[in-house]
$ cat data-v9.cif   # mmCIF, C-alpha atoms
data_run
#
loop_
_atom_site.label_atom_id
_atom_site.label_comp_id
_atom_site.auth_asym_id
_atom_site.auth_seq_id
_atom_site.Cartn_x
_atom_site.Cartn_y
_atom_site.Cartn_z
CA MET F 1 -5.84 8.81 -16.46
CA ALA F 2 -8.50 7.76 -18.95
CA SER F 3 -9.74 4.25 -18.34
CA GLU F 4 -12.44 1.96 -19.62
CA GLY F 5 -13.53 -1.65 -19.55
CA LYS F 6 -14.28 -3.71 -16.49
CA ASN F 7 -12.48 -3.28 -13.20
CA LEU F 8 -9.52 -5.60 -12.69
CA ILE F 9 -9.51 -7.94 -9.67
CA GLY F 10 -7.13 -6.54 -7.04
CA VAL F 11 -4.58 -9.06 -5.73
CA ASP F 12 -2.39 -7.94 -2.83
CA ILE F 13 0.31 -10.54 -2.08
CA GLY F 14 1.60 -9.48 1.34
CA SER F 15 4.20 -11.08 3.57
CA THR F 16 1.61 -12.78 5.83
CA SER F 17 -1.46 -13.15 3.60
CA ILE F 18 -2.95 -12.70 0.12
CA LYS F 19 -5.95 -10.37 -0.15
CA VAL F 20 -8.30 -10.36 -3.16
CA VAL F 21 -10.94 -7.71 -3.90
CA GLU F 22 -13.42 -7.48 -6.76
CA ILE F 23 -15.58 -4.40 -7.38
CA LYS F 24 -18.48 -4.10 -9.83
CA GLU F 25 -19.28 -0.65 -11.19
CA SER F 26 -22.63 0.17 -12.72
CA ARG F 27 -24.38 3.48 -13.31
CA GLY F 28 -21.87 5.42 -11.26
CA SER F 29 -22.05 3.28 -8.12
CA ARG F 30 -19.62 0.61 -6.91
CA LYS F 31 -20.30 -2.64 -5.09
CA LEU F 32 -17.75 -4.84 -3.34
CA VAL F 33 -18.73 -8.25 -4.72
CA ARG F 34 -15.79 -10.33 -3.45
CA PHE F 35 -13.26 -10.23 -0.64
CA GLY F 36 -10.94 -13.13 0.07
CA LEU F 37 -8.02 -13.53 2.46
CA HIS F 38 -5.62 -16.47 2.48
CA PRO F 39 -2.93 -16.64 5.23
CA LEU F 40 0.59 -17.53 4.08
CA PRO F 41 2.95 -19.73 6.12
CA PRO F 42 5.81 -17.91 7.94
CA GLU F 43 8.93 -17.19 5.83
CA THR F 44 6.95 -17.33 2.55
CA ILE F 45 8.09 -13.78 1.74
CA VAL F 46 11.22 -12.40 3.41
CA ASP F 47 12.40 -8.79 2.92
CA GLY F 48 10.08 -8.47 -0.05
CA HIS F 49 11.53 -11.54 -1.80
CA ILE F 50 9.24 -14.51 -2.49
CA ILE F 51 11.03 -17.53 -0.97
CA ASN F 52 8.20 -20.08 -1.02
CA SER F 53 6.55 -19.55 -4.41
CA GLY F 54 4.57 -22.81 -4.10
CA ALA F 55 2.64 -21.45 -1.09
CA VAL F 56 1.77 -18.25 -3.00
CA VAL F 57 0.58 -20.15 -6.11
CA GLU F 58 -1.47 -22.53 -3.96
CA GLY F 59 -3.04 -19.56 -2.10
CA LEU F 60 -3.94 -17.83 -5.38
CA GLU F 61 -5.46 -21.05 -6.77
CA LYS F 62 -7.64 -21.42 -3.66
CA LEU F 63 -8.78 -17.78 -3.79
CA PHE F 64 -9.63 -18.07 -7.50
CA HIS F 65 -11.27 -21.49 -7.27
CA LYS F 66 -14.45 -21.41 -9.40
CA VAL F 67 -13.76 -17.81 -10.51
CA ARG F 68 -14.06 -17.28 -14.26
CA ARG F 69 -12.63 -13.75 -14.49
CA ARG F 70 -8.86 -13.87 -14.22
CA ASN F 71 -7.70 -10.35 -15.21
CA VAL F 72 -5.82 -9.02 -12.19
CA ALA F 73 -3.89 -5.99 -10.92
CA LEU F 74 -0.90 -6.81 -8.70
CA ARG F 75 1.17 -4.59 -6.44
CA ALA F 76 4.89 -4.13 -5.94
CA SER F 77 6.51 -2.52 -2.90
CA GLY F 78 9.58 -2.29 -0.78
CA HIS F 79 13.21 -2.60 -1.77
CA SER F 80 12.46 -3.35 -5.42
CA VAL F 81 10.78 0.03 -5.94
CA ILE F 82 12.10 3.59 -5.83
CA ILE F 83 9.85 6.67 -5.98
CA LYS F 84 11.48 10.11 -6.35
CA LYS F 85 10.07 13.57 -6.94
CA ILE F 86 12.48 15.52 -9.14
CA ALA F 87 12.52 19.07 -10.55
CA MET F 88 13.19 19.46 -14.28
CA PRO F 89 13.10 22.34 -16.77
CA LEU F 90 9.71 22.82 -18.44
CA MET F 91 9.33 20.65 -21.54
CA THR F 92 6.69 18.90 -23.61
CA PRO F 93 5.64 15.30 -22.77
CA ALA F 94 7.51 14.12 -25.91
CA GLU F 95 10.73 15.87 -24.80
CA LEU F 96 10.31 14.47 -21.30
CA GLN F 97 9.94 10.95 -22.74
CA GLU F 98 13.35 11.40 -24.40
CA GLN F 99 15.02 12.96 -21.35
CA ILE F 100 13.63 10.72 -18.60
CA GLY F 101 16.18 7.92 -19.09
CA TRP F 102 19.07 10.32 -18.61
CA GLU F 103 17.39 11.86 -15.55
CA ALA F 104 16.70 8.41 -14.12
CA GLU F 105 20.43 7.58 -14.33
CA GLN F 106 21.15 10.51 -11.99
CA HIS F 107 18.56 9.51 -9.39
CA ILE F 108 18.19 5.71 -9.47
CA PRO F 109 20.92 3.60 -7.81
CA PHE F 110 20.16 0.55 -10.03
CA ASP F 111 21.47 -0.28 -13.48
CA LEU F 112 18.77 1.07 -15.83
CA ALA F 113 18.79 -2.20 -17.80
CA GLU F 114 17.49 -3.89 -14.61
CA VAL F 115 14.48 -1.63 -13.99
CA HIS F 116 11.15 -0.54 -15.46
CA ILE F 117 10.93 3.27 -15.47
CA ASP F 118 7.66 5.21 -15.30
CA HIS F 119 6.99 8.90 -14.76
CA GLN F 120 4.23 11.44 -14.29
CA ILE F 121 4.23 15.24 -14.39
CA LEU F 122 2.93 16.53 -11.04
CA HIS F 123 3.09 20.34 -11.40
CA ARG F 124 4.18 22.80 -14.07
CA ARG F 125 5.66 25.92 -12.45
CA GLU F 126 5.52 28.20 -15.49
CA ASP F 127 6.82 31.30 -13.66
CA GLU F 128 9.99 29.44 -12.61
CA GLY F 129 10.44 27.55 -15.91
CA GLN F 130 10.38 24.30 -13.90
CA MET F 131 8.15 21.27 -13.44
CA ASP F 132 7.93 18.58 -10.78
CA VAL F 133 8.06 15.03 -12.09
CA LEU F 134 7.38 11.82 -10.18
CA LEU F 135 9.93 9.20 -11.21
CA VAL F 136 9.27 5.54 -10.41
CA ALA F 137 11.65 2.63 -10.95
CA ALA F 138 10.82 -1.02 -10.24
CA LYS F 139 13.25 -3.92 -10.59
CA ARG F 140 12.40 -6.03 -13.64
CA GLU F 141 13.38 -9.27 -11.88
CA GLU F 142 11.00 -8.66 -8.94
CA ILE F 143 8.13 -7.66 -11.25
CA ALA F 144 8.77 -10.75 -13.42
CA ASP F 145 8.77 -13.03 -10.32
CA LEU F 146 5.45 -11.54 -9.24
CA THR F 147 3.74 -11.80 -12.63
CA ASN F 148 5.12 -15.33 -13.25
CA LEU F 149 3.54 -16.56 -10.00
CA ALA F 150 0.20 -15.10 -11.06
CA VAL F 151 0.50 -16.77 -14.49
CA GLU F 152 1.39 -20.07 -12.81
CA ALA F 153 -1.90 -19.76 -10.87
CA ARG F 154 -3.65 -19.25 -14.26
CA LEU F 155 -4.26 -15.53 -13.70
CA LYS F 156 -3.77 -12.77 -16.28
CA PRO F 157 -1.77 -9.88 -14.77
CA MET F 158 -2.76 -6.68 -16.61
CA CYS F 159 -0.88 -4.12 -14.51
CA VAL F 160 1.40 -3.74 -11.51
CA ASP F 161 0.79 -0.76 -9.20
CA LEU F 162 2.68 0.45 -6.13
CA ASP F 163 1.56 0.25 -2.48
CA ALA F 164 1.67 4.01 -1.97
CA PHE F 165 -0.45 4.72 -5.06
CA THR F 166 -3.09 2.04 -4.36
CA VAL F 167 -3.74 3.59 -0.93
CA GLN F 168 -3.92 7.01 -2.60
CA ASN F 169 -6.52 5.61 -5.05
CA VAL F 170 -8.70 4.60 -2.09
CA LEU F 171 -8.36 8.03 -0.46
CA GLU F 172 -9.21 9.95 -3.65
CA VAL F 173 -12.19 7.80 -4.63
CA GLY F 174 -13.55 7.24 -1.11
CA TYR F 175 -12.85 10.62 0.49
CA GLY F 176 -12.22 12.96 -2.47
CA VAL F 177 -8.94 14.51 -3.66
CA PRO F 178 -7.37 16.57 -0.84
CA GLN F 179 -7.91 20.34 -1.16
CA PRO F 180 -5.02 22.49 -2.50
CA HIS F 181 -4.31 23.91 0.98
CA GLU F 182 -4.24 20.49 2.69
CA THR F 183 -1.28 18.22 3.41
CA VAL F 184 -2.52 14.68 3.98
CA VAL F 185 -0.37 11.77 5.17
CA LEU F 186 -1.12 8.16 4.20
CA ILE F 187 0.61 5.53 6.36
CA HIS F 188 0.20 1.92 5.28
CA VAL F 189 1.47 -0.42 8.01
CA GLY F 190 1.94 -3.89 6.55
CA ALA F 191 3.35 -6.89 8.36
CA SER F 192 7.01 -6.15 7.56
CA LEU F 193 6.99 -2.76 5.82
CA THR F 194 5.45 0.65 6.54
CA THR F 195 4.91 3.03 3.62
CA VAL F 196 4.55 6.77 4.20
CA ASN F 197 3.07 8.86 1.36
CA ILE F 198 2.59 12.61 1.89
CA LEU F 199 0.19 14.42 -0.45
CA ALA F 200 0.53 18.20 -0.79
CA ASP F 201 -1.73 20.11 -3.19
CA GLY F 202 -3.34 16.80 -4.13
CA THR F 203 -0.16 15.09 -5.39
CA THR F 204 2.66 13.00 -3.94
CA ALA F 205 5.27 15.26 -2.35
CA PHE F 206 7.25 12.66 -0.34
CA THR F 207 7.35 8.88 0.07
CA ARG F 208 9.39 6.66 2.33
CA ASP F 209 9.47 2.97 3.23
CA ILE F 210 10.24 1.99 6.82
CA ALA F 211 11.45 -1.60 7.31
CA ASN F 212 9.20 -2.19 10.31
CA GLY F 213 5.58 -3.25 10.68
CA GLY F 214 3.04 -5.37 12.53
CA ASN F 215 5.26 -8.46 12.65
CA ALA F 216 7.57 -6.68 15.11
CA ILE F 217 4.70 -6.53 17.64
CA THR F 218 3.79 -10.22 17.16
CA GLU F 219 7.44 -11.32 17.43
CA GLU F 220 8.02 -9.36 20.64
CA ILE F 221 4.87 -10.81 22.30
CA GLN F 222 5.97 -14.28 21.16
CA ARG F 223 9.51 -13.78 22.51
CA GLN F 224 8.59 -12.29 25.89
CA LEU F 225 5.76 -14.71 26.68
CA SER F 226 7.36 -17.80 25.05
CA ILE F 227 4.17 -18.63 23.12
CA SER F 228 3.37 -19.67 19.55
CA ARG F 229 3.15 -17.17 16.73
CA GLU F 230 -0.60 -17.82 16.36
CA GLU F 231 -1.23 -17.06 20.04
CA ALA F 232 0.92 -13.92 19.88
CA GLU F 233 -0.97 -12.72 16.78
CA ALA F 234 -4.32 -13.36 18.56
CA TYR F 235 -3.21 -11.41 21.65
CA LYS F 236 -2.00 -8.54 19.47
CA CYS F 237 -5.50 -8.33 17.98
CA GLY F 238 -7.14 -8.18 21.41
CA GLY F 239 -7.56 -11.85 22.28
CA ASP F 240 -9.37 -13.10 19.18
CA GLY F 241 -11.50 -15.55 21.16
CA ARG F 242 -8.60 -16.92 23.22
CA GLY F 243 -9.83 -15.69 26.57
CA ILE F 244 -8.17 -13.08 28.74
CA VAL F 245 -5.12 -11.35 27.29
CA PRO F 246 -2.10 -11.56 29.65
CA ARG F 247 -1.58 -8.23 31.41
CA GLU F 248 1.95 -7.85 29.97
CA VAL F 249 0.62 -7.67 26.39
CA PRO F 250 -0.50 -4.00 26.29
CA GLU F 251 2.88 -2.97 27.71
CA ILE F 252 4.78 -4.99 25.08
CA ILE F 253 2.58 -3.56 22.30
CA ASN F 254 3.19 0.00 23.56
CA THR F 255 6.97 -0.43 23.59
CA VAL F 256 7.10 -1.69 19.98
CA VAL F 257 4.50 0.82 18.78
CA GLU F 258 6.44 3.74 20.30
CA GLN F 259 9.48 2.75 18.24
CA LEU F 260 7.49 2.55 14.99
CA ALA F 261 5.64 5.82 15.72
CA GLY F 262 9.02 7.45 16.37
CA GLU F 263 10.32 6.33 12.96
CA ILE F 264 7.15 7.59 11.27
CA GLN F 265 7.48 10.95 13.04
CA ARG F 266 11.12 11.30 11.89
CA SER F 267 9.89 10.97 8.29
CA LEU F 268 7.21 13.61 8.87
CA ASP F 269 9.72 15.95 10.55
CA PHE F 270 12.16 15.49 7.67
CA TYR F 271 9.44 16.34 5.14
CA LEU F 272 8.33 19.46 7.03
CA ALA F 273 11.92 20.65 7.47
CA THR F 274 12.90 20.18 3.81
CA SER F 275 9.68 21.14 2.01
CA GLY F 276 8.93 24.41 3.75
CA ASP F 277 5.37 23.07 3.99
CA ARG F 278 3.15 24.37 6.73
CA ASP F 279 1.40 21.98 9.06
CA LEU F 280 0.02 18.56 8.26
CA THR F 281 -3.78 18.43 8.01
CA ARG F 282 -4.71 14.82 8.69
CA ILE F 283 -3.19 11.33 8.86
CA TYR F 284 -4.89 8.16 7.58
CA VAL F 285 -3.55 4.74 8.62
CA SER F 286 -4.22 1.48 6.76
CA GLY F 287 -2.93 -2.11 6.79
CA GLY F 288 -3.63 -4.83 9.37
CA THR F 289 -1.75 -2.95 12.12
CA ALA F 290 -4.17 -0.01 11.79
CA ASN F 291 -6.37 -2.12 14.11
CA VAL F 292 -3.84 -1.63 16.93
CA ARG F 293 -5.31 1.38 18.74
CA ALA F 294 -2.03 2.12 20.57
CA LEU F 295 -0.34 2.85 17.23
CA LEU F 296 -2.96 5.41 16.17
CA ASP F 297 -2.77 7.11 19.58
CA SER F 298 1.02 7.21 19.53
CA VAL F 299 1.19 8.68 16.00
CA GLN F 300 -1.47 11.26 16.90
CA ASP F 301 0.32 12.27 20.14
CA ARG F 302 3.55 12.91 18.26
CA ALA F 303 2.19 14.56 15.11
CA ARG F 304 -0.52 16.53 16.94
CA VAL F 305 -2.96 16.19 14.03
CA PRO F 306 -6.08 13.98 13.75
CA VAL F 307 -5.35 10.33 12.91
CA GLU F 308 -7.98 7.94 11.59
CA VAL F 309 -8.18 4.51 9.98
CA LEU F 310 -8.67 4.69 6.20
CA ASP F 311 -11.98 2.98 5.39
CA PRO F 312 -12.01 1.21 2.00
CA LEU F 313 -15.77 0.63 2.26
CA ARG F 314 -16.22 4.32 1.38
CA VAL F 315 -15.08 3.26 -2.13
CA ALA F 316 -17.53 0.37 -2.50
CA GLN F 317 -20.26 -0.89 -0.18
CA PRO F 318 -20.42 -4.67 0.34
CA ASP F 319 -22.86 -6.42 -1.99
CA SER F 320 -25.81 -8.07 -0.22
CA LYS F 321 -24.51 -11.51 -1.34
CA LEU F 322 -21.11 -10.95 0.33
CA ASP F 323 -20.74 -12.69 3.69
CA PRO F 324 -20.38 -9.77 6.15
CA MET F 325 -18.28 -11.98 8.45
CA SER F 326 -15.57 -12.27 5.78
CA LEU F 327 -14.78 -8.57 6.32
CA GLN F 328 -15.06 -8.58 10.11
CA GLY F 329 -12.02 -6.72 11.48
CA ARG F 330 -10.28 -6.98 8.10
CA THR F 331 -11.27 -3.82 6.25
CA ALA F 332 -7.96 -2.07 7.05
CA GLN F 333 -6.15 -5.06 5.49
CA ALA F 334 -8.24 -4.75 2.32
CA VAL F 335 -7.11 -1.20 1.42
CA VAL F 336 -4.30 -2.07 -1.05
CA ALA F 337 -6.40 -4.76 -2.77
CA MET F 338 -9.30 -2.27 -2.98
CA GLY F 339 -7.00 0.33 -4.56
CA LEU F 340 -5.86 -2.27 -7.11
CA ALA F 341 -9.47 -3.24 -7.86
CA LEU F 342 -10.11 0.36 -8.98
CA ARG F 343 -7.78 -0.18 -11.95
CA LYS F 344 -9.48 -0.88 -15.30
CA GLU F 345 -8.76 -3.32 -18.14
CA ARG F 346 -7.83 -0.56 -20.59
CA GLU F 347 -6.00 2.50 -19.37
CA ARG F 348 -4.08 5.23 -21.10
CA ARG F 349 -0.48 4.76 -20.04
CA ASN F 350 1.82 7.61 -18.99
CA ALA F 351 4.89 5.77 -20.14
#
$ encode --input "data-v9.cif" --output "structure tokens"
Amino acid sequence: MASEGKNLIGVDIGSTSIKVVEIKESRGSRKLVRFGLHPLPPETIVDGHIINSGAVVEGLEKLFHKVRRRNVALRASGHSVIIKKIAMPLMTPAELQEQIGWEAEQHIPFDLAEVHIDHQILHRREDEGQMDVLLVAAKREEIADLTNLAVEARLKPMCVDLDAFTVQNVLEVGYGVPQPHETVVLIHVGASLTTVNILADGTTAFTRDIANGGNAITEEIQRQLSISREEAEAYKCGGDGRGIVPREVPEIINTVVEQLAGEIQRSLDFYLATSGDRDLTRIYVSGGTANVRALLDSVQDRARVPVEVLDPLRVAQPDSKLDPMSLQGRTAQAVVAMGLALRKERERRNA
């Protein structure tokens, strides 16, 4: 994708917090010049729907206080988005543009008038007369809600990207595009949603959203120990300055983590069984819950391949003026915002 102009500011509105990342590029190197995180009150976003828009606007205004540049990239995820890989007969991009609406009708369970459609050719298999196309549909209403909130906070939304692709941006820029013989799994564990994106031959081969995430751990600690949400969240993260963690906590974390790791493994097994792909090469985990060591261990035990936390600082090193404490323990949460901040003001569109 050809792109020029300045980098957009990445704004990741998640169900528990808003993350903002700004990167400056000059002479081929990137610097992370801004990272901000603003917690959102509980129930602000439920099942991907923004319930308390006032809290989101207020959070955005605080994060952009005294910031002149307002051109942002936002992200959509969850139930409002469908990503499908489909096989189609070989055709030119112009023919595909004409055909894609008809194809989308076969694969997308929404009324086409209600969604934005985008597509990208992944592979042309000349010998078989076929090509693989990535089809993406996002509900217009959800995208409009998201962009309207940004506008209300006096921001200028320039593009909306998807969770799975923002994490992929970070992998490709920070670690390099996976080799043709590698199958790499990206697992982004947010507070209420886990996104699995499997890359084979350098392109998306399978994606799945799992309606489970870090909140499930916090809620179970809160329920079993009868404590506040804040305390439960602190214990989940290893105490967070609140003294000794009760001995039941690791056991509670392990029980919830085993369930999530099991759901992730079912997705991986399904992919391997249906794709005829050989083994997985490596798994990268991102999102706030990537800090929970038990999750990484559990996923690695099941998948029997190396698992590591995706490090967004391989994309851009913190600028000397950036307060290093602002990133302390939060780099895994910054991945989606970092992927968004790689988008540019002017890009050649595929659709």
$ residues_around --input "data-v9.cif" --residues "stretch 101-112 of chain F" --least-positions-apart "2" --cutoff "8 Å" --atoms "all atoms listed in the file" --output "VMD selection string"
chain F and resid 82 84 97 to 99 114 to 117 135 137
$ closest_residue --input "data-v9.cif" --among "F:Ala87, F:Thr204, F:Ala144, F:Asn212" --to "F:Gln130" --atoms "all atoms listed in the file"
F:Ala87
$ closest_residue --input "data-v9.cif" --among "F:Met131, F:Val336, F:Val299, F:Val56" --to "F:Phe165" --atoms "all atoms listed in the file"
F:Val336
$ closest_residue --input "data-v9.cif" --among "F:Ser77, F:Ser29, F:Ser326, F:Ser15" --to "F:Val173" --atoms "only C-alpha atoms"
F:Ser29
$ resolve_selection --input "data-v9.cif" --expression "the PyMOL selection byres ((chain F and resi 310) around 12)" --output "MDAnalysis selection string"
chainID F and resid 167:175 184:189 282:291 296 307:309 311:315 330:336 338:339
$ closest_residue --input "data-v9.cif" --among "F:Glu152, F:Glu25, F:Asp163, F:Asp132" --to "F:Ile13" --atoms "all atoms listed in the file"
F:Asp163
$ closest_residue --input "data-v9.cif" --among "F:His38, F:Arg208, F:Lys321, F:His181" --to "F:Ala55" --atoms "all atoms listed in the file"
F:His38
$ closest_residue --input "data-v9.cif" --among "F:Leu63, F:Val46, F:Ala316, F:Ala205" --to "F:Asp12" --atoms "only C-alpha atoms"
F:Leu63
$ atom_distance --input "data-v9.cif" --atom1 "atom CA of F:Leu272" --atom2 "atom CA of F:Gln120"
23.1 Å
$ atom_distance --input "data-v9.cif" --atom1 "atom CA of F:Ile9" --atom2 "atom CA of F:Arg68"
11.4 Å
$ resolve_selection --input "data-v9.cif" --expression "the PyMOL selection byres ((chain F and resi 14) around 10)" --output "MDAnalysis selection string"
chainID F and resid 11:13 15:19 39:40 44:45 48 50 56 75:77 190:193 333 336
$ axis_aligned_box --input "data-v9.cif" --around "stretch 302-312 of chain F" --padding-each-side "8 Å" --output "JSON"
{"center_x": -4.2, "center_y": 8.9, "center_z": 10.1, "size_x": 31.6, "size_y": 31.3, "size_z": 32.3}
$ residues_around --input "data-v9.cif" --residues "F:Lys6" --least-positions-apart "3" --cutoff "9 Å" --atoms "all atoms listed in the file" --output "PyMOL selection string"
chain F and resi 24-25+343-346
$ atom_distance --input "data-v9.cif" --atom1 "atom CA of F:Gly59" --atom2 "atom CA of F:Val21"
14.4 Å
$ resolve_selection --input "data-v9.cif" --expression "the PyMOL selection byres ((chain F and resi 93) around 12)" --output "list in words"
Pro89, Leu90, Met91, Thr92, Ala94, Glu95, Leu96, Gln97, Glu98, Gln99, Ile100, His119, Gln120, Ile121, Arg124, Met131, Val133, Asn350 and Ala351 of chain F
$ decode --input "data-v9.cif" --residues "stretch 106-174 of chain F" --atoms "C-alpha atoms" --output "compact mmCIF listing (two decimals), in the first residue's frame"
# COMPACT_ATOMS: atom_id res chain seq x y z
CA GLN F 106 -22.99 -14.92 -0.39
CA HIS F 107 -20.62 -14.63 2.57
CA ILE F 108 -21.79 -11.74 4.77
CA PRO F 109 -24.82 -12.34 7.05
CA PHE F 110 -25.70 -8.59 7.14
CA ASP F 111 -27.78 -6.56 4.72
CA LEU F 112 -25.19 -5.05 2.33
CA ALA F 113 -26.82 -1.62 2.68
CA GLU F 114 -25.79 -1.72 6.37
CA VAL F 115 -22.08 -2.43 5.87
CA HIS F 116 -18.88 -0.98 4.42
CA ILE F 117 -17.17 -3.58 2.20
CA ASP F 118 -13.43 -3.69 1.55
CA HIS F 119 -11.28 -6.33 -0.11
CA GLN F 120 -7.71 -7.26 -0.92
CA ILE F 121 -6.22 -9.89 -3.23
CA LEU F 122 -3.99 -12.20 -1.15
CA HIS F 123 -2.69 -14.74 -3.70
CA ARG F 124 -3.15 -15.40 -7.40
CA ARG F 125 -2.99 -19.14 -8.10
CA GLU F 126 -2.46 -18.95 -11.86
CA ASP F 127 -2.11 -22.73 -12.36
CA GLU F 128 -5.54 -23.33 -10.77
CA GLY F 129 -7.23 -20.29 -12.36
CA GLN F 130 -8.13 -19.11 -8.83
CA MET F 131 -7.23 -16.32 -6.44
CA ASP F 132 -7.66 -15.85 -2.70
CA VAL F 133 -9.39 -12.65 -1.69
CA LEU F 134 -9.73 -11.19 1.81
CA LEU F 135 -13.23 -9.80 2.25
CA VAL F 136 -13.95 -7.40 5.11
CA ALA F 137 -17.34 -6.01 6.12
CA ALA F 138 -17.91 -3.50 8.92
CA LYS F 139 -21.31 -2.26 10.08
CA ARG F 140 -21.88 1.34 8.96
CA GLU F 141 -23.75 2.21 12.17
CA GLU F 142 -20.88 1.08 14.44
CA ILE F 143 -18.26 2.88 12.31
CA ALA F 144 -20.41 6.05 12.31
CA ASP F 145 -20.80 5.88 16.14
CA LEU F 146 -17.04 5.58 16.50
CA THR F 147 -16.15 8.42 14.12
CA ASN F 148 -18.89 10.70 15.54
CA LEU F 149 -17.42 10.35 19.04
CA ALA F 150 -13.99 11.31 17.70
CA VAL F 151 -15.49 14.33 15.89
CA GLU F 152 -17.32 15.33 19.09
CA ALA F 153 -13.90 15.36 20.82
CA ARG F 154 -12.68 17.67 17.99
CA LEU F 155 -10.57 14.97 16.33
CA LYS F 156 -10.35 14.29 12.58
CA PRO F 157 -10.76 10.57 11.88
CA MET F 158 -8.91 9.77 8.63
CA CYS F 159 -9.26 5.98 8.61
CA VAL F 160 -10.67 3.04 10.54
CA ASP F 161 -8.57 -0.14 10.71
CA LEU F 162 -9.29 -3.55 12.25
CA ASP F 163 -7.76 -5.03 15.42
CA ALA F 164 -6.29 -8.03 13.61
CA PHE F 165 -4.60 -5.88 10.95
CA THR F 166 -3.16 -3.30 13.37
CA VAL F 167 -1.39 -6.10 15.29
CA GLN F 168 -0.16 -7.48 11.96
CA ASN F 169 1.24 -4.01 11.10
CA VAL F 170 3.30 -4.09 14.30
CA LEU F 171 4.61 -7.59 13.56
CA GLU F 172 5.61 -6.77 9.97
CA VAL F 173 7.30 -3.45 10.77
CA GLY F 174 8.89 -4.52 14.07
